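Pasted below: query_13.txt, compact mmCIF, C-alpha atoms.
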```
# COMPACT_ATOMS: atom_id res chain seq x y z
CA MET A 6 -122.65 -125.17 -66.82
CA THR A 7 -119.46 -126.49 -65.30
CA THR A 8 -116.42 -126.52 -67.52
CA THR A 9 -114.57 -129.79 -67.30
CA LEU A 10 -111.67 -131.26 -69.21
CA ASP A 11 -114.19 -133.10 -71.40
CA THR A 12 -115.66 -129.77 -72.49
CA PRO A 13 -113.38 -127.71 -74.73
CA LEU A 14 -112.66 -124.42 -73.00
CA SER A 15 -113.74 -121.37 -74.94
CA SER A 16 -112.72 -117.78 -74.48
CA ILE A 17 -114.84 -115.24 -72.65
CA ASP A 18 -117.34 -112.97 -74.39
CA ASP A 19 -116.70 -109.33 -75.23
CA ALA A 20 -118.81 -107.93 -72.39
CA THR A 21 -116.84 -109.96 -69.84
CA ALA A 22 -113.51 -108.96 -71.40
CA ASP A 23 -114.63 -105.34 -71.06
CA LEU A 24 -115.84 -105.84 -67.48
CA LEU A 25 -112.65 -107.52 -66.25
CA PHE A 26 -109.97 -105.87 -68.37
CA ARG A 27 -110.61 -103.54 -71.28
CA GLU A 28 -113.15 -101.10 -69.84
CA ALA A 29 -112.38 -101.67 -66.17
CA ARG A 30 -110.95 -98.55 -64.63
CA THR A 31 -109.30 -97.51 -61.41
CA VAL A 32 -112.00 -95.67 -59.45
CA LYS A 33 -111.23 -92.72 -57.17
CA ARG A 34 -114.79 -91.85 -56.09
CA PHE A 35 -117.58 -94.29 -55.27
CA THR A 36 -121.32 -94.20 -54.66
CA ASP A 37 -122.54 -94.56 -51.07
CA GLU A 38 -123.92 -98.02 -51.79
CA GLU A 39 -122.69 -100.54 -49.25
CA VAL A 40 -120.22 -103.29 -50.13
CA THR A 41 -121.21 -106.28 -48.05
CA ASP A 42 -118.99 -108.83 -46.39
CA ALA A 43 -120.75 -111.41 -48.57
CA GLU A 44 -119.59 -109.62 -51.73
CA ILE A 45 -115.99 -109.53 -50.54
CA ALA A 46 -116.19 -113.19 -49.56
CA ALA A 47 -117.60 -113.99 -53.03
CA ALA A 48 -114.59 -112.32 -54.66
CA TYR A 49 -112.23 -114.23 -52.36
CA ASP A 50 -114.06 -117.45 -53.19
CA LEU A 51 -113.15 -116.89 -56.87
CA MET A 52 -109.59 -115.62 -56.48
CA ARG A 53 -108.44 -118.27 -54.05
CA TRP A 54 -108.35 -120.88 -56.83
CA GLY A 55 -105.61 -119.06 -58.75
CA PRO A 56 -102.24 -120.84 -58.78
CA THR A 57 -99.32 -119.95 -56.49
CA ALA A 58 -95.90 -121.53 -56.01
CA MET A 59 -96.40 -124.82 -54.17
CA ASN A 60 -99.97 -123.62 -53.55
CA ILE A 61 -98.72 -121.49 -50.65
CA SER A 62 -101.61 -118.99 -51.12
CA PRO A 63 -100.14 -116.32 -48.79
CA LEU A 64 -102.56 -113.44 -49.51
CA ARG A 65 -104.42 -112.10 -46.49
CA TYR A 66 -106.65 -109.06 -46.10
CA LEU A 67 -107.91 -106.69 -43.45
CA VAL A 68 -111.40 -105.24 -43.99
CA VAL A 69 -111.58 -101.57 -43.00
CA ARG A 70 -115.15 -100.28 -42.85
CA THR A 71 -116.05 -98.07 -39.88
CA PRO A 72 -115.18 -94.34 -39.85
CA GLU A 73 -112.91 -94.89 -36.87
CA ALA A 74 -111.08 -97.76 -38.56
CA ARG A 75 -110.49 -95.79 -41.75
CA ARG A 76 -109.21 -92.80 -39.78
CA ARG A 77 -106.68 -95.15 -38.14
CA LEU A 78 -105.71 -96.46 -41.58
CA THR A 79 -105.10 -93.02 -43.10
CA ALA A 80 -102.41 -92.30 -40.50
CA HIS A 81 -100.18 -94.68 -42.49
CA LEU A 82 -100.97 -93.36 -45.96
CA GLY A 83 -99.75 -90.45 -48.04
CA GLU A 84 -101.88 -87.36 -47.60
CA GLY A 85 -103.12 -87.46 -51.19
CA ASN A 86 -104.85 -90.77 -50.45
CA HIS A 87 -106.69 -89.79 -47.23
CA ALA A 88 -109.87 -88.39 -48.79
CA GLY A 89 -110.34 -91.41 -51.07
CA VAL A 90 -110.02 -93.87 -48.20
CA LEU A 91 -112.31 -91.88 -45.89
CA ALA A 92 -115.02 -91.79 -48.59
CA ALA A 93 -114.84 -95.37 -49.93
CA PRO A 94 -117.55 -97.87 -48.87
CA VAL A 95 -114.84 -100.31 -47.78
CA THR A 96 -111.07 -100.54 -47.99
CA LEU A 97 -109.04 -103.75 -47.97
CA VAL A 98 -105.47 -103.81 -46.71
CA VAL A 99 -103.85 -106.57 -48.76
CA ALA A 100 -101.13 -108.46 -46.93
CA ALA A 101 -98.66 -111.31 -47.34
CA ASP A 102 -98.51 -113.91 -44.57
CA THR A 103 -94.86 -114.83 -44.00
CA ALA A 104 -96.04 -117.70 -41.79
CA PHE A 105 -97.94 -119.32 -44.67
CA HIS A 106 -96.02 -122.54 -44.01
CA ARG A 107 -98.26 -123.24 -41.01
CA HIS A 108 -100.93 -124.31 -43.49
CA MET A 109 -98.78 -126.42 -45.82
CA ASP A 110 -100.04 -129.73 -44.44
CA ARG A 111 -103.44 -128.80 -45.87
CA LEU A 112 -102.30 -126.80 -48.92
CA ALA A 113 -99.64 -129.23 -50.14
CA PRO A 114 -100.16 -132.54 -48.33
CA HIS A 115 -98.01 -134.36 -50.90
CA MET A 116 -94.93 -132.32 -49.91
CA ALA A 117 -93.95 -134.11 -46.73
CA GLY A 118 -91.71 -132.10 -44.44
CA ILE A 119 -92.04 -128.83 -46.36
CA ALA A 120 -93.43 -126.92 -43.35
CA GLU A 121 -90.46 -127.95 -41.20
CA HIS A 122 -88.06 -127.12 -44.02
CA LEU A 123 -89.51 -123.63 -44.48
CA ASP A 124 -89.69 -123.00 -40.75
CA GLY A 125 -85.93 -122.49 -40.64
CA GLN A 126 -85.85 -120.16 -43.68
CA PRO A 127 -87.56 -116.87 -42.78
CA ASP A 128 -85.90 -114.92 -45.64
CA VAL A 129 -87.08 -117.44 -48.22
CA ARG A 130 -90.58 -117.32 -46.75
CA GLU A 131 -90.64 -113.52 -46.75
CA HIS A 132 -89.70 -113.40 -50.45
CA MET A 133 -92.13 -116.17 -51.41
CA ALA A 134 -94.95 -114.61 -49.40
CA ARG A 135 -94.53 -111.15 -50.93
CA MET A 136 -94.18 -112.33 -54.55
CA ASN A 137 -97.03 -114.82 -54.39
CA ALA A 138 -99.35 -112.46 -52.52
CA ALA A 139 -98.63 -109.86 -55.23
CA LEU A 140 -99.52 -112.50 -57.83
CA GLN A 141 -102.72 -113.24 -55.91
CA SER A 142 -103.48 -109.51 -55.78
CA GLY A 143 -103.88 -109.72 -59.55
CA TYR A 144 -106.44 -112.48 -59.04
CA LEU A 145 -108.16 -110.50 -56.27
CA LEU A 146 -108.58 -107.26 -58.26
CA THR A 147 -109.91 -109.25 -61.21
CA ALA A 148 -112.26 -111.23 -58.97
CA LEU A 149 -113.63 -108.09 -57.29
CA ARG A 150 -114.50 -106.81 -60.76
CA ALA A 151 -116.01 -110.18 -61.62
CA THR A 152 -118.22 -109.77 -58.54
CA GLY A 153 -119.57 -106.51 -59.97
CA LEU A 154 -117.43 -104.21 -57.86
CA GLN A 155 -114.87 -101.63 -58.86
CA VAL A 156 -111.47 -101.03 -57.32
CA GLY A 157 -109.09 -98.20 -56.53
CA PRO A 158 -105.73 -99.66 -55.44
CA MET A 159 -103.31 -97.37 -53.57
CA GLY A 160 -99.83 -97.67 -52.14
CA ILE A 161 -98.99 -97.55 -48.42
CA GLN A 162 -96.58 -94.85 -47.25
CA ASP A 163 -95.59 -96.47 -43.95
CA ALA A 164 -96.11 -100.22 -44.19
CA ALA A 165 -94.20 -101.04 -41.00
CA GLY A 166 -96.25 -98.52 -39.03
CA LEU A 167 -99.48 -99.92 -40.45
CA GLU A 168 -98.46 -103.47 -39.58
CA ALA A 169 -97.62 -102.54 -35.99
CA ASP A 170 -100.82 -100.52 -35.55
CA LEU A 171 -103.47 -102.53 -37.40
CA PHE A 172 -102.42 -106.17 -37.78
CA ASP A 173 -102.95 -108.61 -34.93
CA ASP A 174 -100.61 -111.16 -36.55
CA ASP A 175 -96.98 -110.06 -36.68
CA ALA A 176 -96.29 -112.40 -39.62
CA TRP A 177 -98.46 -110.27 -41.96
CA ARG A 178 -96.74 -107.75 -44.27
CA ALA A 179 -98.84 -104.93 -45.74
CA LEU A 180 -98.54 -104.70 -49.55
CA HIS A 181 -101.12 -102.16 -50.69
CA ILE A 182 -104.71 -101.09 -50.07
CA VAL A 183 -107.75 -101.38 -52.31
CA ASN A 184 -110.77 -99.11 -52.07
CA VAL A 185 -113.82 -101.08 -53.18
CA GLY A 186 -117.26 -99.92 -54.28
CA ARG A 187 -119.29 -98.85 -57.27
CA ALA A 188 -118.44 -95.93 -59.52
CA PRO A 189 -121.08 -93.22 -59.98
CA ALA A 190 -122.20 -92.42 -63.50
CA ALA A 191 -120.87 -88.89 -63.12
CA GLU A 192 -117.78 -87.68 -64.91
CA GLY A 193 -114.58 -87.67 -62.90
CA ALA A 194 -115.18 -90.87 -60.95
CA THR A 195 -112.28 -92.55 -62.68
CA TYR A 196 -108.86 -91.38 -63.74
CA PRO A 197 -108.35 -90.68 -67.45
CA ARG A 198 -107.34 -93.92 -69.20
CA ALA A 199 -103.56 -94.05 -69.28
CA ALA A 200 -101.63 -95.64 -72.14
CA ARG A 201 -100.28 -99.17 -72.16
CA LEU A 202 -97.31 -100.70 -73.99
CA GLU A 203 -97.82 -102.77 -77.14
CA ALA A 204 -97.09 -106.52 -77.17
CA ALA A 205 -94.10 -105.95 -79.47
CA GLU A 206 -92.56 -103.61 -76.89
CA VAL A 207 -92.78 -105.99 -73.94
CA SER A 208 -91.96 -109.34 -75.56
CA ARG A 209 -89.10 -111.09 -77.29
CA THR A 210 -88.94 -114.46 -78.99
CA LEU A 211 -86.00 -116.77 -78.32
CA MET S 25 -121.66 -104.78 -75.72
CA THR S 26 -119.24 -102.35 -74.17
CA THR S 27 -119.57 -101.82 -70.44
CA THR S 28 -119.46 -98.15 -69.58
CA LEU S 29 -120.02 -96.21 -66.40
CA ASP S 30 -123.62 -95.59 -67.55
CA THR S 31 -124.27 -99.33 -67.59
CA PRO S 32 -124.42 -100.97 -64.16
CA LEU S 33 -121.66 -103.57 -63.97
CA SER S 34 -122.87 -107.08 -63.43
CA SER S 35 -120.96 -110.09 -62.29
CA ILE S 36 -119.73 -112.76 -64.67
CA ASP S 37 -121.73 -115.90 -65.43
CA ASP S 38 -121.03 -119.29 -63.86
CA ALA S 39 -119.32 -120.77 -66.92
CA THR S 40 -116.86 -117.87 -67.02
CA ALA S 41 -116.22 -118.09 -63.28
CA ASP S 42 -115.43 -121.78 -63.79
CA LEU S 43 -113.21 -121.06 -66.81
CA LEU S 44 -111.14 -118.36 -65.14
CA PHE S 45 -111.10 -119.48 -61.52
CA ARG S 46 -113.14 -122.31 -60.08
CA GLU S 47 -112.49 -125.12 -62.56
CA ALA S 48 -109.25 -123.77 -64.04
CA ARG S 49 -106.37 -126.06 -63.21
CA THR S 50 -102.61 -126.05 -63.44
CA VAL S 51 -101.79 -128.26 -66.43
CA LYS S 52 -98.70 -130.44 -66.57
CA ARG S 53 -99.27 -132.13 -69.95
CA PHE S 54 -100.70 -130.51 -73.08
CA THR S 55 -102.02 -131.61 -76.47
CA ASP S 56 -99.75 -131.04 -79.49
CA GLU S 57 -102.04 -128.29 -80.77
CA GLU S 58 -100.07 -125.17 -81.57
CA VAL S 59 -100.40 -121.98 -79.49
CA THR S 60 -100.05 -119.10 -81.93
CA ASP S 61 -98.32 -115.77 -81.41
CA ALA S 62 -101.74 -114.20 -82.08
CA GLU S 63 -103.24 -116.07 -79.12
CA ILE S 64 -100.47 -114.92 -76.81
CA ALA S 65 -100.83 -111.36 -78.09
CA ALA S 66 -104.60 -111.57 -77.48
CA ALA S 67 -103.97 -112.54 -73.85
CA TYR S 68 -101.48 -109.68 -73.47
CA ASP S 69 -104.00 -107.30 -75.03
CA LEU S 70 -106.41 -108.16 -72.19
CA MET S 71 -103.99 -108.26 -69.27
CA ARG S 72 -102.18 -105.03 -70.08
CA TRP S 73 -105.20 -102.98 -68.90
CA GLY S 74 -104.88 -104.22 -65.31
CA PRO S 75 -103.79 -101.57 -62.81
CA THR S 76 -100.21 -101.19 -61.51
CA ALA S 77 -98.60 -98.63 -59.22
CA MET S 78 -98.29 -95.35 -61.17
CA ASN S 79 -99.19 -97.45 -64.25
CA ILE S 80 -95.56 -98.63 -64.48
CA SER S 81 -96.64 -101.90 -66.20
CA PRO S 82 -93.23 -103.62 -65.83
CA LEU S 83 -94.17 -107.16 -66.94
CA ARG S 84 -92.20 -108.47 -69.92
CA TYR S 85 -92.10 -111.93 -71.48
CA LEU S 86 -89.86 -114.11 -73.58
CA VAL S 87 -91.60 -116.57 -75.92
CA VAL S 88 -89.79 -119.94 -76.03
CA ARG S 89 -91.03 -122.15 -78.81
CA THR S 90 -88.39 -124.04 -80.83
CA PRO S 91 -86.84 -127.29 -79.54
CA GLU S 92 -83.43 -125.63 -79.40
CA ALA S 93 -84.78 -122.66 -77.43
CA ARG S 94 -86.53 -124.86 -74.88
CA ARG S 95 -83.41 -126.99 -74.42
CA ARG S 96 -81.51 -123.78 -73.63
CA LEU S 97 -84.25 -122.83 -71.17
CA THR S 98 -84.18 -126.14 -69.28
CA ALA S 99 -80.53 -125.60 -68.39
CA HIS S 100 -81.76 -123.03 -65.84
CA LEU S 101 -84.63 -125.05 -64.38
CA GLY S 102 -84.87 -127.79 -61.79
CA GLU S 103 -84.66 -131.26 -63.28
CA GLY S 104 -88.25 -132.09 -62.37
CA ASN S 105 -89.47 -129.36 -64.71
CA HIS S 106 -87.44 -130.29 -67.81
CA ALA S 107 -89.87 -132.78 -69.37
CA GLY S 108 -92.84 -130.45 -68.98
CA VAL S 109 -91.06 -127.57 -70.68
CA LEU S 110 -89.70 -129.73 -73.50
CA ALA S 111 -93.21 -131.06 -74.25
CA ALA S 112 -95.29 -127.85 -73.93
CA PRO S 113 -96.47 -126.10 -77.12
CA VAL S 114 -94.95 -122.84 -75.90
CA THR S 115 -93.34 -121.54 -72.72
CA LEU S 116 -93.27 -117.93 -71.57
CA VAL S 117 -90.50 -116.63 -69.33
CA VAL S 118 -92.20 -113.90 -67.32
CA ALA S 119 -89.89 -111.02 -66.41
CA ALA S 120 -89.85 -107.68 -64.60
CA ASP S 121 -88.25 -104.75 -66.42
CA THR S 122 -86.26 -102.73 -63.88
CA ALA S 123 -85.87 -100.00 -66.52
CA PHE S 124 -89.63 -99.48 -66.76
CA HIS S 125 -89.09 -95.78 -66.05
CA ARG S 126 -87.92 -95.28 -69.65
CA HIS S 127 -91.59 -95.47 -70.65
CA MET S 128 -93.06 -93.21 -67.96
CA ASP S 129 -93.51 -90.24 -70.27
CA ARG S 130 -96.08 -92.34 -72.14
CA LEU S 131 -97.42 -94.38 -69.21
CA ALA S 132 -97.83 -91.51 -66.74
CA PRO S 133 -97.58 -88.24 -68.69
CA HIS S 134 -99.17 -86.32 -65.81
CA MET S 135 -96.24 -87.21 -63.49
CA ALA S 136 -93.68 -84.71 -64.72
CA GLY S 137 -90.11 -85.61 -63.82
CA ILE S 138 -90.90 -89.10 -62.51
CA ALA S 139 -88.55 -90.82 -65.00
CA GLU S 140 -85.62 -88.65 -63.90
CA HIS S 141 -86.53 -89.17 -60.25
CA LEU S 142 -86.60 -92.97 -60.64
CA ASP S 143 -83.44 -93.02 -62.73
CA GLY S 144 -81.35 -92.39 -59.60
CA GLN S 145 -83.14 -95.03 -57.51
CA PRO S 146 -82.28 -98.50 -58.86
CA ASP S 147 -83.26 -100.31 -55.64
CA VAL S 148 -86.69 -98.69 -55.60
CA ARG S 149 -87.16 -99.58 -59.26
CA GLU S 150 -86.10 -103.18 -58.69
CA HIS S 151 -88.62 -103.60 -55.87
CA MET S 152 -91.42 -101.85 -57.80
CA ALA S 153 -90.69 -103.83 -60.95
CA ARG S 154 -90.74 -107.21 -59.22
CA MET S 155 -93.88 -106.57 -57.14
CA ASN S 156 -95.88 -105.03 -59.96
CA ALA S 157 -94.79 -107.63 -62.52
CA ALA S 158 -95.90 -110.31 -60.03
CA LEU S 159 -99.25 -108.50 -59.76
CA GLN S 160 -99.46 -108.41 -63.56
CA SER S 161 -98.64 -112.14 -63.66
CA GLY S 162 -101.98 -112.64 -61.95
CA TYR S 163 -103.64 -110.73 -64.77
CA LEU S 164 -101.62 -112.65 -67.38
CA LEU S 165 -102.51 -116.12 -66.12
CA THR S 166 -106.18 -115.12 -65.92
CA ALA S 167 -106.05 -113.57 -69.40
CA LEU S 168 -104.44 -116.67 -70.94
CA ARG S 169 -107.34 -118.69 -69.53
CA ALA S 170 -109.77 -116.08 -70.85
CA THR S 171 -108.21 -116.62 -74.28
CA GLY S 172 -109.10 -120.31 -74.09
CA LEU S 173 -105.64 -121.52 -73.12
CA GLN S 174 -104.44 -123.37 -70.06
CA VAL S 175 -101.35 -122.72 -68.02
CA GLY S 176 -98.69 -124.55 -66.05
CA PRO S 177 -96.58 -122.02 -64.10
CA MET S 178 -93.19 -123.18 -62.78
CA GLY S 179 -90.39 -121.64 -60.76
CA ILE S 180 -86.88 -120.94 -62.06
CA GLN S 181 -83.96 -122.59 -60.30
CA ASP S 182 -81.22 -120.25 -61.56
CA ALA S 183 -82.79 -116.90 -62.46
CA ALA S 184 -79.46 -115.07 -62.78
CA GLY S 185 -78.12 -117.70 -65.15
CA LEU S 186 -81.29 -117.57 -67.22
CA GLU S 187 -81.11 -113.78 -67.43
CA ALA S 188 -77.47 -113.82 -68.56
CA ASP S 189 -78.09 -116.58 -71.11
CA LEU S 190 -81.50 -115.77 -72.60
CA PHE S 191 -82.36 -112.09 -72.10
CA ASP S 192 -80.97 -109.48 -74.50
CA ASP S 193 -81.92 -106.66 -72.09
CA ASP S 194 -79.91 -106.66 -68.87
CA ALA S 195 -82.68 -104.73 -67.06
CA TRP S 196 -85.03 -107.74 -67.22
CA ARG S 197 -85.35 -110.00 -64.15
CA ALA S 198 -86.78 -113.50 -64.60
CA LEU S 199 -89.69 -114.24 -62.22
CA HIS S 200 -91.15 -117.58 -63.33
CA ILE S 201 -92.08 -119.53 -66.43
CA VAL S 202 -95.51 -120.49 -67.75
CA ASN S 203 -96.13 -123.47 -70.01
CA VAL S 204 -99.11 -122.68 -72.21
CA GLY S 205 -101.37 -124.96 -74.25
CA ARG S 206 -104.51 -127.02 -74.11
CA ALA S 207 -105.12 -129.89 -71.71
CA PRO S 208 -105.96 -133.31 -73.18
CA ALA S 209 -109.18 -134.95 -72.07
CA ALA S 210 -107.19 -137.83 -70.59
CA GLU S 211 -106.81 -138.35 -66.89
CA GLY S 212 -103.58 -137.11 -65.36
CA ALA S 213 -103.17 -133.94 -67.44
CA THR S 214 -103.66 -131.80 -64.38
CA TYR S 215 -102.52 -132.11 -60.80
CA PRO S 216 -105.14 -133.18 -58.24
CA ARG S 217 -107.02 -130.11 -56.99
CA ALA S 218 -105.28 -128.91 -53.86
CA ALA S 219 -107.14 -127.30 -50.96
CA ARG S 220 -107.50 -123.58 -50.41
CA LEU S 221 -107.99 -121.58 -47.21
CA GLU S 222 -111.43 -120.26 -46.24
CA ALA S 223 -112.19 -116.53 -46.21
CA ALA S 224 -112.45 -116.57 -42.41
CA GLU S 225 -108.90 -117.93 -42.19
CA VAL S 226 -107.28 -115.24 -44.36
CA SER S 227 -109.18 -112.13 -43.34
CA ARG S 228 -109.71 -109.91 -40.32
CA THR S 229 -112.01 -106.94 -39.80
CA LEU S 230 -110.67 -103.82 -38.14
```

What do you get writing this file as structure tokens?
Amino acid sequence: MTTTLDTPLSSIDDATADLLFREARTVKRFTDEEVTDAEIAAAYDLMRWGPTAMNISPLRYLVVRTPEARRRLTAHLGEGNHAGVLAAPVTLVVAADTAFHRHMDRLAPHMAGIAEHLDGQPDVREHMARMNAALQSGYLLTALRATGLQVGPMGIQDAAGLEADLFDDDAWRALHIVNVGRAPAAEGATYPRAARLEAAEVSRTL
Amino acid sequence: MTTTLDTPLSSIDDATADLLFREARTVKRFTDEEVTDAEIAAAYDLMRWGPTAMNISPLRYLVVRTPEARRRLTAHLGEGNHAGVLAAPVTLVVAADTAFHRHMDRLAPHMAGIAEHLDGQPDVREHMARMNAALQSGYLLTALRATGLQVGPMGIQDAAGLEADLFDDDAWRALHIVNVGRAPAAEGATYPRAARLEAAEVSRTL
């Protein structure tokens, strides 16, 4: 079934709400089962439709799979994160492309001249790229879960060093990494569920 | 059904993939049907489980509903966005709480001393709050759609002015606004679907 504007949109079922949000957990230890390029592409194919400012869609990602590649990656991470990255089936380095404006003729063809306008504003582009790629990271983590995978996001200790060492495009900025795989049934594969704030604590009404 | 680690996770069905990602569209004009506080709280209750760095969960939101409140809001927006905000059933101002560390004893009880450590680092907190609230915005927009609502995110022209005028907590930073409601069946309620980049264009393998 394809949902269209002629079909009233309904909310998702309980099992899906659990899968994507309520029971989904950050995973620190995965099974050995492979995560294929096709699975990652399937998650991207979902997440790419999420909205961004002016449709700039600046999220990029580096797929780190081989033992040699993940050893190179760990050189830029805090020591506490090395073992997790070395053991994960695949790790994505999520990045923001500060040269996103190169694609604006395709992404926003109705905004004539926007690429030229942004070309002279590197600071504006840097801010837009980082904030919108972070927004898209929310779509990406949700989409990986929707694809049946589980995620373990981690921070990067030395982003500049990682960019210089691992990225072949000097317009990419490294935001965070995401270990991706499947959690084993055994205890201890996820962190204990941490608390969240209540709606009344995070919202106000004007 | 509750998905647990003993139950293999499966991917979502096609209708849900359409609802959340593939067919979901940015909406510029909504029906008059009310969006209740309970619906917004239901979306928050989903999105709050999404991961953030150290579980800091800095996203906050201001609910703007009355005609007077939305007139006050439009004073801080570009003119092209006034009509949409005045006509939407409800508008959320999405914010990042730079004083998120006040809650770390509940959000990350295993990280002893982290609140005190962060208290002396306002620049670090500002960066963390903005990036992680942007990440959570991805969860929020997806969760609003999961709740059966549709969204029209917009930028803020004068964020500092909005913060001074509308926020009662001077640690909140305004990121963007989201009109929320239901799209009419009529043509023209959404923008034409804009293109997205292909996986091969946004990814590299190390």

Expressed in Å to a single decimal, how great is the separation between CA of Pro91 (chain S) and CA of Leu168 (chain S)?
22.3 Å

I need the residue nearest His115 (chain A) from this list: S:Leu186, S:Glu47, S:Thr55, S:Ala218. Use only C-alpha atoms for the distance.
S:Ala218

Please identify every residue of chain S that has at least one atom no farther than 6 Å from an atom of chain A, counting all atoms listed in the file, and for each give the shortest atom pair and the distance in Å to one decimal, arranged by chain then increasing number, as JSON lines.
```
{"residue": "S:Met25", "atom": "CA", "partner": "A:Ala20", "partner_atom": "CA", "distance": 5.4}
{"residue": "S:Thr26", "atom": "CA", "partner": "A:Ala20", "partner_atom": "CA", "distance": 5.9}
{"residue": "S:Leu29", "atom": "CA", "partner": "A:Ala190", "partner_atom": "CA", "distance": 5.2}
{"residue": "S:Asp30", "atom": "CA", "partner": "A:Ala190", "partner_atom": "CA", "distance": 5.3}
{"residue": "S:Leu33", "atom": "CA", "partner": "A:Gly153", "partner_atom": "CA", "distance": 5.4}
{"residue": "S:Ser34", "atom": "CA", "partner": "A:Gly153", "partner_atom": "CA", "distance": 4.8}
{"residue": "S:Ser35", "atom": "CA", "partner": "A:Gly153", "partner_atom": "CA", "distance": 4.5}
{"residue": "S:Ile36", "atom": "CA", "partner": "A:Ala151", "partner_atom": "CA", "distance": 5.5}
{"residue": "S:Ala39", "atom": "CA", "partner": "A:Met6", "partner_atom": "CA", "distance": 5.5}
{"residue": "S:Phe45", "atom": "CA", "partner": "A:Trp54", "partner_atom": "CA", "distance": 5.6}
{"residue": "S:Arg46", "atom": "CA", "partner": "A:Trp54", "partner_atom": "CA", "distance": 6.0}
{"residue": "S:Leu70", "atom": "CA", "partner": "A:Phe26", "partner_atom": "CA", "distance": 5.7}
{"residue": "S:Trp73", "atom": "CA", "partner": "A:Phe26", "partner_atom": "CA", "distance": 5.6}
{"residue": "S:Arg84", "atom": "CA", "partner": "A:Val207", "partner_atom": "CA", "distance": 4.8}
{"residue": "S:Tyr85", "atom": "CA", "partner": "A:Ser208", "partner_atom": "CA", "distance": 4.8}
{"residue": "S:Leu86", "atom": "CA", "partner": "A:Arg209", "partner_atom": "CA", "distance": 4.8}
{"residue": "S:Val87", "atom": "CA", "partner": "A:Thr210", "partner_atom": "CA", "distance": 4.6}
{"residue": "S:Val88", "atom": "CA", "partner": "A:Leu211", "partner_atom": "CA", "distance": 5.4}
{"residue": "S:Leu131", "atom": "CA", "partner": "A:Ala200", "partner_atom": "CA", "distance": 5.3}
{"residue": "S:Ala158", "atom": "CA", "partner": "A:Leu140", "partner_atom": "CA", "distance": 4.8}
{"residue": "S:Leu159", "atom": "CA", "partner": "A:Leu140", "partner_atom": "CA", "distance": 4.4}
{"residue": "S:Ser161", "atom": "CA", "partner": "A:Leu140", "partner_atom": "CA", "distance": 5.9}
{"residue": "S:Gly162", "atom": "CA", "partner": "A:Gly143", "partner_atom": "CA", "distance": 4.2}
{"residue": "S:Tyr163", "atom": "CA", "partner": "A:Gly143", "partner_atom": "CA", "distance": 5.3}
{"residue": "S:Ala170", "atom": "CA", "partner": "A:Ser16", "partner_atom": "CA", "distance": 5.0}
{"residue": "S:Thr171", "atom": "CA", "partner": "A:Ser16", "partner_atom": "CA", "distance": 4.7}
{"residue": "S:Gly172", "atom": "CA", "partner": "A:Ser16", "partner_atom": "CA", "distance": 4.4}
{"residue": "S:Ala209", "atom": "CA", "partner": "A:Leu10", "partner_atom": "CA", "distance": 5.3}
{"residue": "S:Ala219", "atom": "CA", "partner": "A:Leu112", "partner_atom": "CA", "distance": 5.3}
{"residue": "S:Val226", "atom": "CA", "partner": "A:Arg65", "partner_atom": "CA", "distance": 4.8}
{"residue": "S:Ser227", "atom": "CA", "partner": "A:Tyr66", "partner_atom": "CA", "distance": 4.8}
{"residue": "S:Arg228", "atom": "CA", "partner": "A:Leu67", "partner_atom": "CA", "distance": 4.8}
{"residue": "S:Thr229", "atom": "CA", "partner": "A:Val68", "partner_atom": "CA", "distance": 4.6}
{"residue": "S:Leu230", "atom": "CA", "partner": "A:Val69", "partner_atom": "CA", "distance": 5.4}
```

Output C-alpha atoms for every residue in the selection just made, as an mmCIF file, in the frame of the given file.
```cif
data_model
loop_
_atom_site.group_PDB
_atom_site.id
_atom_site.type_symbol
_atom_site.label_atom_id
_atom_site.label_comp_id
_atom_site.auth_asym_id
_atom_site.auth_seq_id
_atom_site.Cartn_x
_atom_site.Cartn_y
_atom_site.Cartn_z
ATOM 1 C CA MET S 25 -121.660 -104.780 -75.720
ATOM 2 C CA THR S 26 -119.240 -102.350 -74.170
ATOM 3 C CA LEU S 29 -120.020 -96.210 -66.400
ATOM 4 C CA ASP S 30 -123.620 -95.590 -67.550
ATOM 5 C CA LEU S 33 -121.660 -103.570 -63.970
ATOM 6 C CA SER S 34 -122.870 -107.080 -63.430
ATOM 7 C CA SER S 35 -120.960 -110.090 -62.290
ATOM 8 C CA ILE S 36 -119.730 -112.760 -64.670
ATOM 9 C CA ALA S 39 -119.320 -120.770 -66.920
ATOM 10 C CA PHE S 45 -111.100 -119.480 -61.520
ATOM 11 C CA ARG S 46 -113.140 -122.310 -60.080
ATOM 12 C CA LEU S 70 -106.410 -108.160 -72.190
ATOM 13 C CA TRP S 73 -105.200 -102.980 -68.900
ATOM 14 C CA ARG S 84 -92.200 -108.470 -69.920
ATOM 15 C CA TYR S 85 -92.100 -111.930 -71.480
ATOM 16 C CA LEU S 86 -89.860 -114.110 -73.580
ATOM 17 C CA VAL S 87 -91.600 -116.570 -75.920
ATOM 18 C CA VAL S 88 -89.790 -119.940 -76.030
ATOM 19 C CA LEU S 131 -97.420 -94.380 -69.210
ATOM 20 C CA ALA S 158 -95.900 -110.310 -60.030
ATOM 21 C CA LEU S 159 -99.250 -108.500 -59.760
ATOM 22 C CA SER S 161 -98.640 -112.140 -63.660
ATOM 23 C CA GLY S 162 -101.980 -112.640 -61.950
ATOM 24 C CA TYR S 163 -103.640 -110.730 -64.770
ATOM 25 C CA ALA S 170 -109.770 -116.080 -70.850
ATOM 26 C CA THR S 171 -108.210 -116.620 -74.280
ATOM 27 C CA GLY S 172 -109.100 -120.310 -74.090
ATOM 28 C CA ALA S 209 -109.180 -134.950 -72.070
ATOM 29 C CA ALA S 219 -107.140 -127.300 -50.960
ATOM 30 C CA VAL S 226 -107.280 -115.240 -44.360
ATOM 31 C CA SER S 227 -109.180 -112.130 -43.340
ATOM 32 C CA ARG S 228 -109.710 -109.910 -40.320
ATOM 33 C CA THR S 229 -112.010 -106.940 -39.800
ATOM 34 C CA LEU S 230 -110.670 -103.820 -38.140
#
```
